[in-house]
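Contents: one structure, followed by commentary.
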Amino acid sequence: MTPKNQTVTTTPTLTPHELAALGGGRIAYVRSMRGEELTRLFPQAPSVAADQQIFLLLAADGSPLVIAETEQAAVANAWSHDLVPLSLH
């Protein structure tokens, strides 16, 4: 039982399908990472030096769309494909 002065907060979870549907398929997000993380998360991605800083443009469901050398390039790619880019920190 929860004490009366304590608030219980629940976080709703979304399925990958629900996440992909956010924004009507028009939202993507930019995430920076090092090459070593790219290789770990996306083994099929092109080879990048382990210590190289890169920027990924990801669909709302987390699937990779673009690997870029700069954040500006990732954002420009989103706009050129009619996607609304969000930044993920």
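Chains: A, B, ... in order of the structure tokens. Residues: from 1 per chain. Ligands: from 1, in order shown.
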Discussion item. With DSSP run on the backbone, what are the strand (DSSP E) residues within chain A? I'd like them as an NGL selection string.
Written reply: :A and (27-34 or 53-59 or 64-68 or 84-88)
Using only N, CA and C atoms, please write the residues we just selected to a file, as a PDB file, in the first residue's frame.
ATOM      1  N   ILE A  27       8.311  11.832 -37.976  1.00  0.00           N
ATOM      2  CA  ILE A  27       9.278  12.243 -36.960  1.00  0.00           C
ATOM      3  C   ILE A  27      10.477  11.312 -36.992  1.00  0.00           C
ATOM      4  N   ALA A  28      11.653  11.909 -36.934  1.00  0.00           N
ATOM      5  CA  ALA A  28      12.903  11.158 -36.809  1.00  0.00           C
ATOM      6  C   ALA A  28      13.735  11.884 -35.758  1.00  0.00           C
ATOM      7  N   TYR A  29      14.699  11.212 -35.223  1.00  0.00           N
ATOM      8  CA  TYR A  29      15.535  11.893 -34.247  1.00  0.00           C
ATOM      9  C   TYR A  29      17.003  11.697 -34.538  1.00  0.00           C
ATOM     10  N   VAL A  30      17.784  12.681 -34.097  1.00  0.00           N
ATOM     11  CA  VAL A  30      19.227  12.693 -34.301  1.00  0.00           C
ATOM     12  C   VAL A  30      19.886  12.313 -32.992  1.00  0.00           C
ATOM     13  N   ARG A  31      20.818  11.385 -33.075  1.00  0.00           N
ATOM     14  CA  ARG A  31      21.538  10.944 -31.885  1.00  0.00           C
ATOM     15  C   ARG A  31      23.019  10.885 -32.208  1.00  0.00           C
ATOM     16  N   SER A  32      23.827  11.443 -31.322  1.00  0.00           N
ATOM     17  CA  SER A  32      25.276  11.346 -31.518  1.00  0.00           C
ATOM     18  C   SER A  32      25.795  10.120 -30.793  1.00  0.00           C
ATOM     19  N   MET A  33      26.846   9.554 -31.350  1.00  0.00           N
ATOM     20  CA  MET A  33      27.491   8.408 -30.707  1.00  0.00           C
ATOM     21  C   MET A  33      28.873   8.224 -31.316  1.00  0.00           C
ATOM     22  N   ARG A  34      29.640   7.380 -30.706  1.00  0.00           N
ATOM     23  CA  ARG A  34      30.966   7.023 -31.210  1.00  0.00           C
ATOM     24  C   ARG A  34      30.829   5.779 -32.103  1.00  0.00           C
ATOM     25  N   GLN A  53      33.311  10.419 -33.703  1.00  0.00           N
ATOM     26  CA  GLN A  53      31.990  10.941 -33.344  1.00  0.00           C
ATOM     27  C   GLN A  53      31.147  10.986 -34.614  1.00  0.00           C
ATOM     28  N   ILE A  54      29.957  10.387 -34.558  1.00  0.00           N
ATOM     29  CA  ILE A  54      29.047  10.391 -35.698  1.00  0.00           C
ATOM     30  C   ILE A  54      27.654  10.783 -35.226  1.00  0.00           C
ATOM     31  N   PHE A  55      26.790  11.041 -36.186  1.00  0.00           N
ATOM     32  CA  PHE A  55      25.410  11.416 -35.884  1.00  0.00           C
ATOM     33  C   PHE A  55      24.492  10.520 -36.703  1.00  0.00           C
ATOM     34  N   LEU A  56      23.541   9.924 -36.013  1.00  0.00           N
ATOM     35  CA  LEU A  56      22.580   9.052 -36.675  1.00  0.00           C
ATOM     36  C   LEU A  56      21.236   9.733 -36.776  1.00  0.00           C
ATOM     37  N   LEU A  57      20.582   9.559 -37.888  1.00  0.00           N
ATOM     38  CA  LEU A  57      19.182   9.942 -38.043  1.00  0.00           C
ATOM     39  C   LEU A  57      18.416   8.641 -37.921  1.00  0.00           C
ATOM     40  N   LEU A  58      17.533   8.573 -36.933  1.00  0.00           N
ATOM     41  CA  LEU A  58      16.795   7.350 -36.628  1.00  0.00           C
ATOM     42  C   LEU A  58      15.300   7.587 -36.774  1.00  0.00           C
ATOM     43  N   ALA A  59      14.607   6.578 -37.271  1.00  0.00           N
ATOM     44  CA  ALA A  59      13.146   6.636 -37.336  1.00  0.00           C
ATOM     45  C   ALA A  59      12.604   6.582 -35.910  1.00  0.00           C
ATOM     46  N   PRO A  64      17.804   2.770 -37.982  1.00  0.00           N
ATOM     47  CA  PRO A  64      18.694   3.785 -38.550  1.00  0.00           C
ATOM     48  C   PRO A  64      18.302   4.166 -39.968  1.00  0.00           C
ATOM     49  N   LEU A  65      18.363   5.470 -40.244  1.00  0.00           N
ATOM     50  CA  LEU A  65      18.066   5.971 -41.579  1.00  0.00           C
ATOM     51  C   LEU A  65      19.326   6.501 -42.260  1.00  0.00           C
ATOM     52  N   VAL A  66      20.147   7.259 -41.505  1.00  0.00           N
ATOM     53  CA  VAL A  66      21.330   7.909 -42.069  1.00  0.00           C
ATOM     54  C   VAL A  66      22.436   7.954 -41.020  1.00  0.00           C
ATOM     55  N   ILE A  67      23.662   7.760 -41.472  1.00  0.00           N
ATOM     56  CA  ILE A  67      24.840   7.998 -40.637  1.00  0.00           C
ATOM     57  C   ILE A  67      25.525   9.215 -41.236  1.00  0.00           C
ATOM     58  N   ALA A  68      25.779  10.221 -40.404  1.00  0.00           N
ATOM     59  CA  ALA A  68      26.379  11.459 -40.901  1.00  0.00           C
ATOM     60  C   ALA A  68      27.575  11.858 -40.044  1.00  0.00           C
ATOM     61  N   VAL A  84      10.507  15.484 -39.617  1.00  0.00           N
ATOM     62  CA  VAL A  84      10.742  16.501 -38.592  1.00  0.00           C
ATOM     63  C   VAL A  84      11.808  15.948 -37.656  1.00  0.00           C
ATOM     64  N   PRO A  85      13.011  16.558 -37.658  1.00  0.00           N
ATOM     65  CA  PRO A  85      14.082  16.029 -36.811  1.00  0.00           C
ATOM     66  C   PRO A  85      13.977  16.520 -35.371  1.00  0.00           C
ATOM     67  N   LEU A  86      14.165  15.600 -34.451  1.00  0.00           N
ATOM     68  CA  LEU A  86      14.238  15.908 -33.026  1.00  0.00           C
ATOM     69  C   LEU A  86      15.629  15.521 -32.555  1.00  0.00           C
ATOM     70  N   SER A  87      16.128  16.203 -31.544  1.00  0.00           N
ATOM     71  CA  SER A  87      17.446  15.907 -31.028  1.00  0.00           C
ATOM     72  C   SER A  87      17.326  15.027 -29.794  1.00  0.00           C
ATOM     73  N   LEU A  88      18.138  13.996 -29.748  1.00  0.00           N
ATOM     74  CA  LEU A  88      18.155  13.093 -28.604  1.00  0.00           C
ATOM     75  C   LEU A  88      19.501  13.254 -27.926  1.00  0.00           C
TER      76      LEU A  88
END
Worksheet item: What is the distance, in Å and to one decimal place, between atom CA of A:Ala74 and atom CA of A:Phe42?
Response: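 So the answer is 17.2 Å.
Shortest separation to A:Leu14 among A:Asp82, A:Val75, A:Thr70, A:Asp61 occurs at residue A:Asp61, atoms counted being only C-alpha atoms.
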Worksheet item: Nearest to A:His81 among A:Val48, A:Arg26, A:Thr10, A:Glu36, with distances taken over only C-alpha atoms: which residue is it?
Response: A:Arg26
Worksheet item: Which parts of chain A does DSSP call helix (DSSP H, G or I) when run on the backbone here, written out as number ranges by chain?
Response: A: 16-25, 35-41, 71-80
